[in-house]
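Participant: Sending over a structure as structure tokens; questions will come in a sec.
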Amino acid sequence: MAILKIARMGDPSLSQPAEPVADPTASEINQLLEDMNETMVDANGTGLAAPQVHVRKRVLLFMAERGSSDQEEVSETEHAPLTALINPSWTKLSDQMSIGWEGCLSVPGLTGAVARYCHIQYQGYSPVGELIKREASGFHARVFQHEFDHLDGILYPQRMKSLDLLVFTDEAQRHGLPNINQ
Ligand code: NI
């Protein structure tokens with residue numbers, strides 16, 4: 001196990017498409033995922049893609065866990081346990097999009113509002129070679145789309161329609177987030 005160095009915006013690792021993995025069950029992929037998990041937990045992140053740790057492979061990790069503040073039962077598709085996916089793919093299930101706040105371990109200190117599809121279906125291989133196929137909505141769909149973008153060399157600021165909605169996280173904590181519907 002090892003905590004890996006996280007690439008930051010401007011590092012070429014983050015701007016180039018990642019390569020498909022030939023064997024999802026290869027020991028090097030299992031080791032990579034263990035290290036990515038340790039790195040993500042250490043950095044207090046909710047997702048991490050291999051290019052963020054300087055590995056140009058189509059491997060990602062995320063979680064979309066039920067918050068303790070959830071007042072009422074929401075759709076199961078809004079949540080996912082810690083999930084590792086190798087060679088993932090996805091499609092939208094509707095054209096509906098929503099704007100929400102995102103951060104990224106490769107863009108430290110900033111928070112930005114990004115439009116993402118609300119309902120998607122994704123699939124990919126687990127580290128034991130099982131095909132995982134899920135529907136996702138809400139935060140679960142958002143975090144997946146964010147991590148998947150890393151595999152195509154895209155960071156969330158490139159998805160933003162208005163840079164008025166890119167702020168320093170600590171300033172937002174002090175002054176509140178800007179109105180997302182401006
Ligand atoms: Ni990110």
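Starting from 1 in every chain, residues are counted up; chains themselves are A, B, ... following the order of the structure tokens, and ligands are numbered from 1 as listed.
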List the spatial neighbours of Asn179 of chain A as a short mmCIF file (atom, residue, chain, number, x, y, z; two decimals) with C-alpha atoms, in the first residue's frame - criterion: any atom at most 10 Å away, only C-alpha atoms, same-chain residues fewer than 2 positions off excluded.

Facilitator:
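The resulting file, around.cif, is reproduced below:
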data_model
loop_
_atom_site.label_atom_id
_atom_site.label_comp_id
_atom_site.auth_asym_id
_atom_site.auth_seq_id
_atom_site.Cartn_x
_atom_site.Cartn_y
_atom_site.Cartn_z
CA ALA A 113 -20.78 24.48 -10.61
CA ASP A 164 -18.72 33.19 -12.30
CA LEU A 165 -19.47 29.88 -10.60
CA GLY A 176 -21.67 31.40 0.93
CA LEU A 177 -21.82 29.87 -2.53
CA ASN A 181 -29.30 29.81 -11.10
CA GLN A 182 -27.82 33.11 -12.24
#

Participant: Could you please extract the residues within 10 Å of ligand 1, counting only C-alpha atoms and all ligand atoms, and hand them back as a VMD selection string?

Facilitator: chain A and resid 8 to 9 14 45 to 49 51 to 52 102 to 108 143 145 to 150 154 to 156

Participant: Could you please take those selected residues and save N, CA and C atoms as an mmCIF file, in the first residue's frame?

Facilitator:
data_model
loop_
_atom_site.group_PDB
_atom_site.id
_atom_site.type_symbol
_atom_site.label_atom_id
_atom_site.label_comp_id
_atom_site.auth_asym_id
_atom_site.auth_seq_id
_atom_site.Cartn_x
_atom_site.Cartn_y
_atom_site.Cartn_z
ATOM 1 N N ARG A 8 -1.878 17.711 -10.469
ATOM 2 C CA ARG A 8 -2.740 18.894 -10.427
ATOM 3 C C ARG A 8 -2.892 19.478 -11.832
ATOM 4 N N MET A 9 -3.965 20.232 -11.993
ATOM 5 C CA MET A 9 -4.280 20.853 -13.276
ATOM 6 C C MET A 9 -3.033 21.502 -13.879
ATOM 7 N N LEU A 14 -3.151 14.713 -16.890
ATOM 8 C CA LEU A 14 -4.588 14.974 -16.717
ATOM 9 C C LEU A 14 -5.280 15.372 -18.011
ATOM 10 N N GLY A 45 -11.104 12.499 -0.419
ATOM 11 C CA GLY A 45 -11.850 12.622 -1.673
ATOM 12 C C GLY A 45 -12.972 11.612 -1.733
ATOM 13 N N THR A 46 -13.843 11.783 -2.725
ATOM 14 C CA THR A 46 -14.963 10.855 -2.910
ATOM 15 C C THR A 46 -14.819 10.081 -4.218
ATOM 16 N N GLY A 47 -13.761 10.403 -4.965
ATOM 17 C CA GLY A 47 -13.485 9.689 -6.208
ATOM 18 C C GLY A 47 -12.068 9.981 -6.658
ATOM 19 N N LEU A 48 -11.536 9.064 -7.455
ATOM 20 C CA LEU A 48 -10.178 9.239 -7.979
ATOM 21 C C LEU A 48 -10.055 8.412 -9.253
ATOM 22 N N ALA A 49 -9.426 8.991 -10.257
ATOM 23 C CA ALA A 49 -9.193 8.274 -11.512
ATOM 24 C C ALA A 49 -7.687 8.109 -11.705
ATOM 25 N N PRO A 51 -5.496 8.570 -14.060
ATOM 26 C CA PRO A 51 -4.650 9.661 -14.566
ATOM 27 C C PRO A 51 -4.292 10.680 -13.480
ATOM 28 N N GLN A 52 -5.109 10.765 -12.431
ATOM 29 C CA GLN A 52 -4.815 11.703 -11.337
ATOM 30 C C GLN A 52 -3.609 11.260 -10.514
ATOM 31 N N GLU A 102 -18.978 20.986 -7.598
ATOM 32 C CA GLU A 102 -17.988 19.913 -7.626
ATOM 33 C C GLU A 102 -16.634 20.445 -7.185
ATOM 34 N N GLY A 103 -15.862 19.552 -6.616
ATOM 35 C CA GLY A 103 -14.459 19.824 -6.350
ATOM 36 C C GLY A 103 -13.657 18.688 -6.945
ATOM 37 N N CYS A 104 -12.347 18.846 -6.976
ATOM 38 C CA CYS A 104 -11.502 17.810 -7.584
ATOM 39 C C CYS A 104 -10.144 17.850 -6.888
ATOM 40 N N LEU A 105 -9.621 16.682 -6.539
ATOM 41 C CA LEU A 105 -8.319 16.624 -5.870
ATOM 42 C C LEU A 105 -7.208 17.173 -6.763
ATOM 43 N N SER A 106 -7.448 17.229 -8.077
ATOM 44 C CA SER A 106 -6.451 17.775 -9.012
ATOM 45 C C SER A 106 -6.610 19.281 -9.224
ATOM 46 N N VAL A 107 -7.668 19.840 -8.629
ATOM 47 C CA VAL A 107 -7.902 21.292 -8.715
ATOM 48 C C VAL A 107 -8.115 21.780 -7.278
ATOM 49 N N PRO A 108 -7.071 21.669 -6.452
ATOM 50 C CA PRO A 108 -7.268 21.880 -5.013
ATOM 51 C C PRO A 108 -7.672 23.311 -4.684
ATOM 52 N N VAL A 143 -20.877 12.039 -9.698
ATOM 53 C CA VAL A 143 -19.501 11.656 -9.348
ATOM 54 C C VAL A 143 -18.948 10.691 -10.411
ATOM 55 N N GLN A 145 -19.749 10.677 -13.661
ATOM 56 C CA GLN A 145 -19.414 11.460 -14.863
ATOM 57 C C GLN A 145 -18.132 12.267 -14.656
ATOM 58 N N HIS A 146 -17.943 12.792 -13.440
ATOM 59 C CA HIS A 146 -16.730 13.549 -13.125
ATOM 60 C C HIS A 146 -15.494 12.649 -13.249
ATOM 61 N N GLU A 147 -15.560 11.468 -12.631
ATOM 62 C CA GLU A 147 -14.397 10.568 -12.663
ATOM 63 C C GLU A 147 -14.157 10.048 -14.071
ATOM 64 N N PHE A 148 -15.240 9.736 -14.785
ATOM 65 C CA PHE A 148 -15.085 9.233 -16.162
ATOM 66 C C PHE A 148 -14.401 10.283 -17.035
ATOM 67 N N ASP A 149 -14.752 11.545 -16.855
ATOM 68 C CA ASP A 149 -14.121 12.619 -17.640
ATOM 69 C C ASP A 149 -12.600 12.595 -17.504
ATOM 70 N N HIS A 150 -12.100 12.251 -16.311
ATOM 71 C CA HIS A 150 -10.646 12.183 -16.121
ATOM 72 C C HIS A 150 -10.010 11.193 -17.101
ATOM 73 N N ILE A 154 -10.397 15.285 -19.303
ATOM 74 C CA ILE A 154 -11.243 16.466 -19.073
ATOM 75 C C ILE A 154 -11.366 16.741 -17.581
ATOM 76 N N LEU A 155 -11.105 17.985 -17.191
ATOM 77 C CA LEU A 155 -11.301 18.422 -15.809
ATOM 78 C C LEU A 155 -12.585 19.239 -15.731
ATOM 79 N N TYR A 156 -13.211 19.271 -14.541
ATOM 80 C CA TYR A 156 -14.540 19.890 -14.457
ATOM 81 C C TYR A 156 -14.594 21.356 -14.905
#

Participant: Please provide as a ChimeraX atom specification all residues within 12 Å of Ala50 of chain A, with the sequence filter that same-chain residues fewer than 3 positions apart are discarded (counting only C-alpha atoms).

Facilitator: /A:4-7,13-14,16-21,29,31-37,39-40,47,53-62,84-87,106,147-153

Participant: Could you tell me, as number ranges by chain, which residues of chain A DSSP assigns to alpha helix (DSSP H) when given the backbone?

Facilitator: A: 27-42, 138-151, 169-175

Participant: Let me make sure I understand: among A:Leu110, A:Met160, A:Val41, A:Ala22, which one has the smallest atom-to-atom distance to Gly129 of chain A if we use only C-alpha atoms?

Facilitator: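 Ranking A:Leu110, A:Met160, A:Val41, A:Ala22 by distance to Gly129 of chain A, first place goes to A:Ala22.
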
Participant: Hey, which of A:Ser15, A:Gln158, A:Thr77, A:Thr83 ends up closest to Tyr125 of chain A? Count only C-alpha atoms.

Facilitator: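 Going through A:Ser15, A:Gln158, A:Thr77, A:Thr83 one by one, the smallest distance to Tyr125 of chain A is for A:Thr83.
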
Participant: If you count only C-alpha atoms, which residues fall within 10 Å of segment 89-94 of chain A, apart from same-chain ones fewer than 2 positions away, as number ranges by chain?

Facilitator: A: 58, 85-87, 96-97, 116-125, 133-137, 141, 144-145, 148

Participant: Mind giving me the straight-line distance from atom CA of Pro81 of chain A to atom CA of Met1 of chain A in Å, one decimal?

Facilitator: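 Rounded to one decimal, the two atoms are 20.9 Å apart.
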
Participant: At what distance in Å, to one decimal, does atom CA of His175 of chain A lie from atom CA of Leu163 of chain A?

Facilitator: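 Spanning atom CA of Leu163 of chain A to atom CA of His175 of chain A is a straight-line distance of 17.3 Å.
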
Participant: For atom CA of Phe139 of chain A and atom CA of Ala64 of chain A, determine how far apart the two atoms are, in Å to one decimal place.

Facilitator: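 So the answer is 6.7 Å.
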
Participant: Which residues in segment 115-177 of chain A does DSSP call strand (DSSP E or B)? List them as a list in words.

Facilitator: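 Here are the strand (DSSP E or B) residues of segment 115-177 of chain A: Ala115, Arg116, Tyr117, His119, Ile120, Gln121, Tyr122, Gln123, Gly124, Tyr125, Leu131, Ile132, Lys133, Arg134, Glu135, Ala136, Ser137, Leu166, Val167 and Phe168 of chain A.
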
Participant: Counting only C-alpha atoms, figure out which residue out of A:Gly100, A:Asn44, A:Gly138, A:Ala26 gets nearest to Ser75 of chain A.

Facilitator: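 Ranking A:Gly100, A:Asn44, A:Gly138, A:Ala26 by distance to Ser75 of chain A, first place goes to A:Gly138.
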